[in-house]
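S.K.: Below is the file protein-v2.tsv, with TSV, C-alpha atoms.
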chain	number	residue	atom	x	y	z
I	1	MET	CA	122.21	101.80	175.15
I	2	PRO	CA	125.85	101.33	176.06
I	3	LYS	CA	127.23	97.84	175.68
I	4	LYS	CA	128.26	97.54	179.32
I	5	LEU	CA	126.58	97.81	182.72
I	6	ILE	CA	125.23	101.26	183.79
I	7	ASN	CA	127.18	101.86	186.98
I	8	ILE	CA	126.70	105.28	188.60
I	9	LEU	CA	128.75	106.12	191.67
I	10	LEU	CA	126.62	108.21	194.06
I	11	LEU	CA	128.86	108.36	197.11
I	12	THR	CA	132.56	107.40	196.97
I	13	ALA	CA	133.43	107.59	200.66
I	14	ALA	CA	134.48	104.27	202.13
I	15	ALA	CA	132.15	102.74	204.69
I	16	SER	CA	133.42	103.12	208.24
I	17	MET	CA	130.58	101.33	209.97
I	18	ALA	CA	127.91	98.83	208.89
I	19	LEU	CA	124.20	99.38	209.39
I	20	PRO	CA	121.43	96.80	209.11
I	21	SER	CA	120.11	96.35	205.56
I	22	GLU	CA	116.61	97.26	206.80
I	23	ALA	CA	117.81	100.90	207.28
I	24	ALA	CA	118.64	101.34	203.58
I	25	SER	CA	116.04	101.76	200.83
I	26	LEU	CA	115.83	102.47	197.10
I	27	LYS	CA	112.68	103.88	195.48
I	28	ALA	CA	112.29	104.63	191.76
I	29	GLN	CA	109.40	106.21	189.87
I	30	LEU	CA	108.80	107.77	186.44
I	31	ASP	CA	107.93	111.44	186.01
I	32	SER	CA	105.53	110.37	183.28
I	33	SER	CA	104.52	106.86	182.41
I	34	GLN	CA	103.66	107.92	178.80
I	35	ILE	CA	105.74	109.95	176.39
I	36	THR	CA	105.67	110.70	172.66
I	37	MET	CA	108.39	109.42	170.38
I	38	GLY	CA	111.45	111.60	170.60
I	39	TYR	CA	110.51	113.14	173.97
I	40	GLN	CA	112.32	112.62	177.25
I	41	THR	CA	111.31	111.69	180.77
I	42	ALA	CA	113.10	111.13	184.07
I	43	ILE	CA	113.33	108.22	186.47
I	44	ARG	CA	113.63	109.72	189.95
I	45	PHE	CA	115.37	107.82	192.78
I	46	ASP	CA	114.88	108.29	196.51
I	47	ILE	CA	117.87	106.66	198.23
I	48	VAL	CA	118.27	106.16	201.97
I	49	ASN	CA	121.57	104.70	203.18
I	50	ALA	CA	124.26	105.13	205.80
I	51	ALA	CA	126.06	108.45	205.68
I	52	ASP	CA	129.46	106.81	205.46
I	53	ALA	CA	128.42	103.80	203.38
I	54	HIS	CA	129.58	102.99	199.85
I	55	SER	CA	126.43	103.06	197.67
I	56	GLU	CA	126.12	102.11	194.02
I	57	ILE	CA	123.12	101.80	191.65
I	58	TYR	CA	123.33	99.60	188.60
I	59	ILE	CA	121.24	97.59	186.11
I	60	ASP	CA	122.16	94.79	183.79
I	61	LYS	CA	122.27	95.64	180.08
I	62	GLU	CA	120.50	92.42	179.23
I	63	ALA	CA	117.42	93.45	181.24
I	64	MET	CA	117.19	97.06	179.99
I	65	PRO	CA	115.06	97.43	176.81
I	66	PRO	CA	117.31	98.51	173.91
I	67	GLN	CA	114.63	100.98	172.69
I	68	ILE	CA	115.21	103.16	175.78
I	69	GLU	CA	118.32	105.34	175.71
I	70	VAL	CA	119.99	106.80	178.80
I	71	ILE	CA	120.67	110.53	178.29
I	72	ASP	CA	122.08	111.84	181.57
I	73	TRP	CA	122.22	111.47	185.34
I	74	VAL	CA	121.10	114.42	187.49
I	75	TYR	CA	122.31	114.75	191.07
I	76	GLY	CA	119.88	116.32	193.52
I	77	ASP	CA	119.90	117.24	197.22
I	78	THR	CA	121.29	115.19	200.09
I	79	THR	CA	119.48	115.43	203.45
I	80	ASP	CA	120.81	114.26	206.82
I	81	LEU	CA	118.13	112.11	208.49
I	82	GLY	CA	120.03	111.59	211.73
I	83	ASN	CA	121.10	108.30	213.29
I	84	GLY	CA	123.85	108.05	210.67
I	85	LEU	CA	121.44	108.01	207.72
I	86	VAL	CA	121.20	110.32	204.69
I	87	GLU	CA	118.56	110.72	202.00
I	88	MET	CA	119.76	111.35	198.45
I	89	LYS	CA	117.73	112.52	195.43
I	90	ARG	CA	118.88	111.40	191.99
I	91	ALA	CA	117.33	111.30	188.50
I	92	LEU	CA	118.04	109.35	185.30
I	93	VAL	CA	116.93	111.03	182.04
I	94	VAL	CA	115.80	108.56	179.33
I	95	GLN	CA	114.52	108.90	175.77
I	96	SER	CA	112.97	106.63	173.13
I	97	PHE	CA	112.36	106.92	169.40
I	98	ASP	CA	110.41	103.64	169.09
I	99	SER	CA	106.76	103.39	170.00
I	100	GLY	CA	105.56	100.62	172.28
I	101	VAL	CA	105.25	99.54	175.91
I	102	TYR	CA	108.53	98.77	177.63
I	103	THR	CA	109.32	97.30	181.03
I	104	ILE	CA	112.23	98.79	182.89
I	105	PRO	CA	113.72	96.21	185.26
I	106	PRO	CA	114.38	96.98	188.93
I	107	PHE	CA	117.43	99.05	189.75
I	108	MET	CA	119.80	97.58	192.35
I	109	MET	CA	121.93	99.09	195.11
I	110	ILE	CA	124.44	97.29	197.29
I	111	ALA	CA	123.98	98.16	200.97
I	112	GLY	CA	126.46	96.33	203.09
I	113	PRO	CA	126.15	92.59	202.63
I	114	ASP	CA	122.66	92.90	201.04
I	115	THR	CA	121.41	94.06	197.63
I	116	ILE	CA	118.33	96.34	197.58
I	117	ARG	CA	116.09	96.45	194.52
I	118	SER	CA	113.58	99.04	193.39
I	119	LYS	CA	110.19	98.15	191.85
I	120	GLU	CA	109.74	97.41	188.17
I	121	LEU	CA	108.65	100.36	185.96
I	122	THR	CA	106.57	100.45	182.79
I	123	LEU	CA	107.00	103.16	180.12
I	124	LYS	CA	104.63	103.63	177.16
I	125	VAL	CA	105.99	105.44	174.09
I	126	ASN	CA	103.21	106.77	171.86
I	127	PRO	CA	103.76	107.19	168.11
I	128	VAL	CA	103.49	110.61	166.43
I	129	ASP	CA	100.06	111.26	164.88
I	130	VAL	CA	100.67	111.85	161.16
I	131	SER	CA	97.09	111.30	160.01
I	132	LYS	CA	96.58	115.02	159.34
I	133	LYS	CA	99.65	115.16	157.12
I	134	THR	CA	98.65	112.39	154.72
I	135	ASP	CA	96.46	114.61	152.48
I	136	ILE	CA	98.03	116.17	149.39
I	137	ASN	CA	97.59	119.92	149.54
I	138	PRO	CA	97.36	122.06	146.39
I	139	VAL	CA	100.22	124.28	145.33
I	140	ALA	CA	100.01	127.68	147.03
I	141	PRO	CA	99.46	130.68	144.72
I	142	ALA	CA	102.28	133.04	143.97
I	143	MET	CA	102.73	135.67	146.63
I	144	GLU	CA	102.18	139.27	145.59
I	145	PHE	CA	104.84	141.71	146.72
I	146	GLU	CA	104.10	145.28	147.73
I	147	THR	CA	105.64	147.74	145.32
I	148	ARG	CA	106.82	151.27	146.01
I	149	TRP	CA	107.54	154.20	143.73
I	150	TYR	CA	111.30	153.77	143.93
I	151	ASP	CA	111.05	150.14	142.79
I	152	PHE	CA	110.63	151.46	139.22
I	153	LEU	CA	113.83	153.50	139.35
I	154	PRO	CA	116.99	152.07	137.78
I	155	ASP	CA	119.26	150.13	140.08
I	156	TRP	CA	122.19	152.50	139.70
I	157	LEU	CA	120.04	155.37	140.96
I	158	THR	CA	118.77	153.55	144.05
I	159	ASP	CA	122.16	152.00	144.85
I	160	PHE	CA	123.98	155.33	144.77
I	161	PHE	CA	121.12	157.58	145.90
I	162	TRP	CA	122.93	159.11	148.87
I	163	VAL	CA	126.09	159.67	146.84
I	164	ILE	CA	124.14	161.43	144.08
I	165	LEU	CA	122.24	163.53	146.64
I	166	ALA	CA	125.48	164.59	148.33
I	167	VAL	CA	127.02	165.58	144.99
I	168	VAL	CA	123.93	167.63	144.05
I	169	LEU	CA	123.97	169.46	147.41
I	170	ILE	CA	127.68	170.23	147.03
I	171	ILE	CA	127.12	171.64	143.55
I	172	VAL	CA	124.17	173.80	144.70
I	173	ALA	CA	126.17	175.08	147.67
I	174	ALA	CA	129.10	175.93	145.41
I	175	ILE	CA	126.88	177.84	142.97
I	176	CYS	CA	125.26	179.81	145.80
I	177	GLY	CA	128.66	180.62	147.25
I	178	VAL	CA	129.91	181.96	143.92
I	179	LEU	CA	126.79	184.09	143.40
I	180	ILE	CA	127.00	185.50	146.91
I	181	TYR	CA	130.69	186.25	146.42
I	182	LYS	CA	129.95	188.12	143.20
I	183	LYS	CA	126.99	189.90	144.86
I	184	LYS	CA	124.59	188.58	142.27
I	185	LEU	CA	122.44	186.87	144.86
I	186	LYS	CA	121.06	188.84	147.78
I	187	ILE	CA	119.97	186.85	150.77
I	188	PRO	CA	117.35	188.68	152.86
I	189	PHE	CA	118.24	188.85	156.51
I	190	MET	CA	115.83	189.58	159.30
I	191	PRO	CA	116.45	193.12	160.54
I	192	LYS	CA	117.59	193.28	164.12
I	193	ALA	CA	115.34	195.09	166.51
I	194	GLN	CA	116.86	198.44	167.38
I	195	PRO	CA	117.28	198.91	171.13
I	196	ILE	CA	115.28	201.72	172.68
I	197	PRO	CA	117.53	204.56	173.87
I	198	PRO	CA	117.74	204.79	177.67
I	199	HIS	CA	116.08	208.23	177.85
I	200	GLU	CA	113.14	207.14	175.67
I	201	LEU	CA	112.66	203.99	177.70
I	202	ALA	CA	112.79	206.00	180.92
I	203	MET	CA	110.17	208.46	179.64
I	204	GLN	CA	107.89	205.60	178.59
I	205	ARG	CA	108.13	204.05	182.04
I	206	LEU	CA	107.54	207.42	183.74
I	207	ASN	CA	104.40	207.98	181.65
I	208	ALA	CA	103.17	204.51	182.59
I	209	LEU	CA	103.86	205.31	186.26
I	210	ARG	CA	101.82	208.52	185.98
I	211	GLU	CA	98.87	206.61	184.48
I	212	SER	CA	99.00	203.90	187.17
I	213	ASN	CA	97.72	206.35	189.86
I	214	MET	CA	99.62	204.54	192.60
I	215	TRP	CA	99.96	207.35	195.11
I	216	GLN	CA	96.33	208.42	194.53
I	217	SER	CA	95.27	204.95	195.78
I	218	GLY	CA	97.46	205.12	198.90
I	219	GLN	CA	100.46	203.20	197.51
I	220	GLU	CA	103.06	205.89	198.13
I	221	LYS	CA	105.82	203.42	199.00
I	222	GLU	CA	105.29	201.38	195.82
I	223	TYR	CA	105.07	204.62	193.83
I	224	TYR	CA	108.46	205.91	194.99
I	225	THR	CA	110.06	202.47	194.73
I	226	SER	CA	109.06	202.28	191.05
I	227	LEU	CA	110.18	205.86	190.46
I	228	ILE	CA	113.64	205.27	191.93
I	229	ASP	CA	114.04	202.00	190.01
I	230	ILE	CA	113.28	203.80	186.73
I	231	LEU	CA	115.94	206.42	187.46
I	232	ARG	CA	118.49	203.83	188.58
I	233	ASP	CA	117.97	201.86	185.33
I	234	TYR	CA	118.30	205.08	183.36
I	235	LEU	CA	121.62	205.93	185.02
I	236	GLN	CA	122.86	202.42	184.24
I	237	GLY	CA	121.90	202.63	180.56
I	238	ARG	CA	122.85	206.29	180.00
I	239	PHE	CA	126.08	206.69	182.00
I	240	GLY	CA	127.00	203.09	182.92
I	241	ILE	CA	126.49	203.82	186.62
I	242	ASN	CA	125.60	200.72	188.62
I	243	ALA	CA	123.01	202.67	190.60
I	244	MET	CA	121.11	199.56	191.70
I	245	GLU	CA	123.98	198.69	194.02
I	246	MET	CA	124.46	202.23	195.41
I	247	THR	CA	122.89	204.20	198.21
I	248	SER	CA	121.22	207.57	197.69
I	249	GLN	CA	124.28	209.45	199.00
I	250	GLN	CA	126.61	207.53	196.68
I	251	ILE	CA	124.43	208.32	193.67
I	252	THR	CA	124.22	212.07	194.36
I	253	HIS	CA	127.96	212.23	195.11
I	254	LEU	CA	128.81	210.49	191.84
I	255	LEU	CA	126.43	212.70	189.83
I	256	SER	CA	127.95	215.84	191.34
I	257	GLN	CA	131.34	214.86	189.89
I	258	ASN	CA	129.99	214.46	186.33
I	259	GLU	CA	129.80	217.61	184.22
I	260	ALA	CA	126.65	216.39	182.42
I	261	THR	CA	124.79	215.65	185.63
I	262	ARG	CA	126.13	218.33	188.00
I	263	LEU	CA	123.29	220.78	187.55
I	264	PRO	CA	120.40	218.26	187.23
I	265	ASN	CA	121.74	216.55	190.35
I	266	ALA	CA	119.58	218.84	192.50
I	267	ARG	CA	116.44	217.26	191.08
I	268	MET	CA	117.78	213.76	191.69
I	269	LYS	CA	118.73	214.70	195.23
I	270	ARG	CA	115.18	215.94	196.01
I	271	ILE	CA	113.66	212.74	194.58
I	272	LEU	CA	116.00	210.48	196.57
I	273	GLU	CA	115.43	212.38	199.82
I	274	ILE	CA	111.64	212.21	199.69
I	275	ALA	CA	111.78	208.57	198.51
I	276	ASP	CA	113.95	207.63	201.51
I	277	TYR	CA	111.52	209.39	203.87
I	278	VAL	CA	108.59	207.48	202.42
I	279	LYS	CA	110.30	204.06	202.31
I	280	PHE	CA	112.19	204.14	205.60
I	281	ALA	CA	110.48	206.76	207.78
I	282	LYS	CA	106.98	205.79	206.56
I	283	MET	CA	106.17	209.44	205.88
I	284	ARG	CA	103.13	210.25	203.75
I	285	PRO	CA	104.04	213.17	201.46
I	286	MET	CA	101.64	215.78	200.19
I	287	PRO	CA	100.01	215.26	196.77
I	288	ASP	CA	102.04	218.16	195.38
I	289	ASP	CA	105.24	216.44	196.52
I	290	ASN	CA	104.28	213.26	194.62
I	291	THR	CA	103.55	215.21	191.44
I	292	ARG	CA	106.71	217.26	191.82
I	293	ALA	CA	108.85	214.12	192.24
I	294	LEU	CA	107.58	212.73	188.94
I	295	ILE	CA	108.14	216.06	187.17
I	296	ASP	CA	111.67	216.28	188.59
I	297	ALA	CA	112.36	212.79	187.27
I	298	GLU	CA	111.17	213.73	183.79
I	299	GLN	CA	113.21	216.95	183.88
I	300	PHE	CA	116.30	215.03	185.01
I	301	VAL	CA	115.96	212.60	182.08
I	302	GLN	CA	115.40	215.41	179.57
I	303	GLU	CA	118.33	217.47	180.86
I	304	THR	CA	120.76	214.54	180.79
I	305	ARG	CA	119.69	212.96	177.51
I	306	PRO	CA	122.31	212.90	174.73
I	307	GLU	CA	122.31	215.68	172.20
I	308	PRO	CA	120.65	214.75	168.86
I	309	GLU	CA	123.12	214.06	166.06
I	310	PRO	CA	122.99	216.48	163.07
I	311	GLU	CA	121.61	215.16	159.82
I	312	ALA	CA	123.56	215.03	156.57
I	313	ASP	CA	122.31	218.48	155.42
I	314	GLY	CA	123.54	220.13	158.61
I	315	LYS	CA	120.12	220.51	160.21
I	316	PRO	CA	119.65	219.11	163.70
I	317	ALA	CA	117.63	215.93	163.99
I	318	ALA	CA	114.03	216.15	165.13
I	319	PRO	CA	113.58	215.78	168.88
I	320	ALA	CA	112.41	212.49	170.25
I	321	ALA	CA	108.71	211.83	170.48
I	322	ASN	CA	108.91	211.56	174.24
I	323	ALA	CA	110.75	214.87	174.70
I	324	GLN	CA	108.90	217.28	176.90
I	325	LYS	CA	107.20	220.12	174.99
I	326	PRO	CA	107.90	223.75	176.03
I	327	ALA	CA	105.22	225.71	177.79
I	328	ASN	CA	102.68	227.39	175.55
I	329	PRO	CA	103.44	231.18	175.52
I	330	GLN	CA	99.97	231.96	174.20
I	331	LYS	CA	98.12	230.52	177.13
I	332	PRO	CA	94.96	232.54	177.79
I	333	ALA	CA	95.06	234.94	180.66
I	334	GLY	CA	93.37	233.77	183.80
I	335	ALA	CA	93.85	230.05	183.07
I	336	GLN	CA	94.77	227.96	186.06
I	337	PRO	CA	98.30	226.47	185.89
I	338	SER	CA	98.61	222.69	185.90
I	339	ALA	CA	100.07	220.78	188.82
I	340	ALA	CA	103.31	220.19	186.92
I	341	GLU	CA	103.68	223.92	186.08
I	342	ALA	CA	102.86	224.93	189.62
I	343	ALA	CA	105.54	222.62	190.98
I	344	GLN	CA	108.07	223.89	188.43
I	345	ASN	CA	107.28	227.55	189.21
I	346	HIS	CA	107.57	226.80	192.87
I	347	ASP	CA	110.97	225.19	192.28
I	348	ASN	CA	112.18	228.21	190.26
Please go through the file and, once you have read it, give me the structure as structure tokens.
M.R.:
Amino acid sequence: MPKKLINILLLTAAASMALPSEAASLKAQLDSSQITMGYQTAIRFDIVNAADAHSEIYIDKEAMPPQIEVIDWVYGDTTDLGNGLVEMKRALVVQSFDSGVYTIPPFMMIAGPDTIRSKELTLKVNPVDVSKKTDINPVAPAMEFETRWYDFLPDWLTDFFWVILAVVLIIVAAICGVLIYKKKLKIPFMPKAQPIPPHELAMQRLNALRESNMWQSGQEKEYYTSLIDILRDYLQGRFGINAMEMTSQQITHLLSQNEATRLPNARMKRILEIADYVKFAKMRPMPDDNTRALIDAEQFVQETRPEPEPEADGKPAAPAANAQKPANPQKPAGAQPSAAEAAQNHDN
């Protein structure tokens, strides 16, 4: 406790008018009437006084028990009650380290010519229960630590593990580099997949189109759309012609200016014409026309494919697997020609 009076100024404005002492009041109560040694509690005040009055709460040091220590004042809300009165909430935090029952004397507030007192408060401070701590406990056994495999390694190895690892990796990398440089170490590389030549890819797609039987099932438009797309992709891969972005007339005109495609251009022209009729005029061609269009496409690919490169011994390379075989000269007399041969004879 301080050695002087506890004087807390709650409102410093000078009083401009006097109200009857019956209008002012001071109420005090404890948050908890019992606390344990070392704990804190609060004394809460409910003050009603004139709005412009000079109010002051105090208590004499002689009346306050010395075992109770004042910790802090807490200022709360102020509410206007009307008629020139205000209600103020305040709190005084106290603490005690001595057990016992203590009487807190009334707090006083000067209201005009009168002095208003709160009621007397009683605070009980309970001692700390140490009965459970009086027994002598045995000494705890030594704690066993979990060991790992690297705990048995020497300290220098664990302390510089990352440095040693980095040095080893650098040495291994240097040895591999020297062996590779001297061609004593061959590193196998995954062989790259060889791209399929454009003419072989086109023939594979044409064979798949033949086996799909689209036009036989009434899908003539889809049949010719797939056929034209195969030829457009072939022109892109074989000659670098962006045929996907060209019209039929632009394709035939460009092919007529190329020496390699000038003669086979007639086949491409027939295919494009019948495909345009089917797609745009909704014409249904004859079965022979569908077969002939596919044969013309195969002939166009075969006639415009690149020449095979000669081998090292001067002999020409073997033809591609998908190259069209020549007609059999020993065909028995009286045999009926196939649809493809009939269309080719008709074209010739």
S.K.: Find the residues with any atom within 8 Å of (105.7, 104.9, 172.1); use all atoms listed in the file and the coordinates as given in the file, and write the answer as a PDB file with C-alpha atoms, in the frame of the given file.
M.R.:
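Below you can see selection-v8.pdb, which holds the result:
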ATOM      1  CA  GLN I  34     103.660 107.920 178.800  1.00  0.00           C
ATOM      2  CA  ILE I  35     105.740 109.950 176.390  1.00  0.00           C
ATOM      3  CA  THR I  36     105.670 110.700 172.660  1.00  0.00           C
ATOM      4  CA  MET I  37     108.390 109.420 170.380  1.00  0.00           C
ATOM      5  CA  SER I  96     112.970 106.630 173.130  1.00  0.00           C
ATOM      6  CA  PHE I  97     112.360 106.920 169.400  1.00  0.00           C
ATOM      7  CA  ASP I  98     110.410 103.640 169.090  1.00  0.00           C
ATOM      8  CA  SER I  99     106.760 103.390 170.000  1.00  0.00           C
ATOM      9  CA  GLY I 100     105.560 100.620 172.280  1.00  0.00           C
ATOM     10  CA  VAL I 101     105.250  99.540 175.910  1.00  0.00           C
ATOM     11  CA  LYS I 124     104.630 103.630 177.160  1.00  0.00           C
ATOM     12  CA  VAL I 125     105.990 105.440 174.090  1.00  0.00           C
ATOM     13  CA  ASN I 126     103.210 106.770 171.860  1.00  0.00           C
ATOM     14  CA  PRO I 127     103.760 107.190 168.110  1.00  0.00           C
TER      15      PRO I 127
END
S.K.: Using only the atoms of segment 251-261 of chain I listed in the file, plus 4 Å on each side, state the axis-aligned box centre and edge lengths in Å rounded to one decimal, as lines of an AutoDock Vina configuration file.
M.R.:
center_x = 127.8
center_y = 213.0
center_z = 188.8
size_x = 15.1
size_y = 17.3
size_z = 20.7
S.K.: Rounded to one decimal in Å, what is the spacing between atom CA of Asp46 of chain I and atom CA of Lys27 of chain I?
M.R.: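 Distance between the two atoms: 5.0 Å.
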S.K.: From the options I:Asp229, I:Glu298, I:Glu220, I:Glu87, which residue's atoms come nearest to Met283 of chain I, counting only C-alpha atoms?
M.R.: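 Ranking I:Asp229, I:Glu298, I:Glu220, I:Glu87 by distance to Met283 of chain I, first place goes to I:Glu220.
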S.K.: Could you tell me which of I:Leu81, I:Leu272, I:Leu201, I:Leu153 comes closest to Arg238 of chain I if we count only C-alpha atoms?
M.R.: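 The shortest atom-to-atom distance to Arg238 of chain I comes from I:Leu201.
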S.K.: Between atom CA of Ile251 of chain I and atom CA of Leu235 of chain I, what is the distance in Å, rounded to a tenth?
M.R.: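 A separation of 9.4 Å between them.
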S.K.: Enter the distance from atom CA of Ala297 of chain I to atom CA of Ala260 of chain I, in Å, rounded to one decimal.
M.R.: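 Answer for the atom CA of Ala297 of chain I to atom CA of Ala260 of chain I separation: 15.5 Å.
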S.K.: Taking into account all atoms listed in the file, which residue in the set I:Val178, I:Ala53, I:Val168, I:Ala140 is nearest to Gly112 of chain I?
M.R.: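 Closest to Gly112 of chain I of all the choices is I:Ala53.
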S.K.: Go through I:Val86, I:Leu123, I:Asn213, I:Phe107 and flag the residue nearest Gln40 of chain I, using all atoms listed in the file for the distances.
M.R.: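 Counting all atoms listed in the file, the residue closest to Gln40 of chain I is I:Leu123.
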S.K.: Which of these residues is nearest to Arg117 of chain I, using all atoms listed in the file: I:Tyr75, I:Tyr223, I:Phe300, I:Phe45?
M.R.: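 The shortest atom-to-atom distance to Arg117 of chain I comes from I:Phe45.
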S.K.: Taking only C-alpha atoms into account, name the residue in I:Leu294, I:Arg284, I:Leu157, I:Leu85 that is nearest to Glu211 of chain I.
M.R.: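 That would be I:Leu294, the residue with the smallest distance to Glu211 of chain I.
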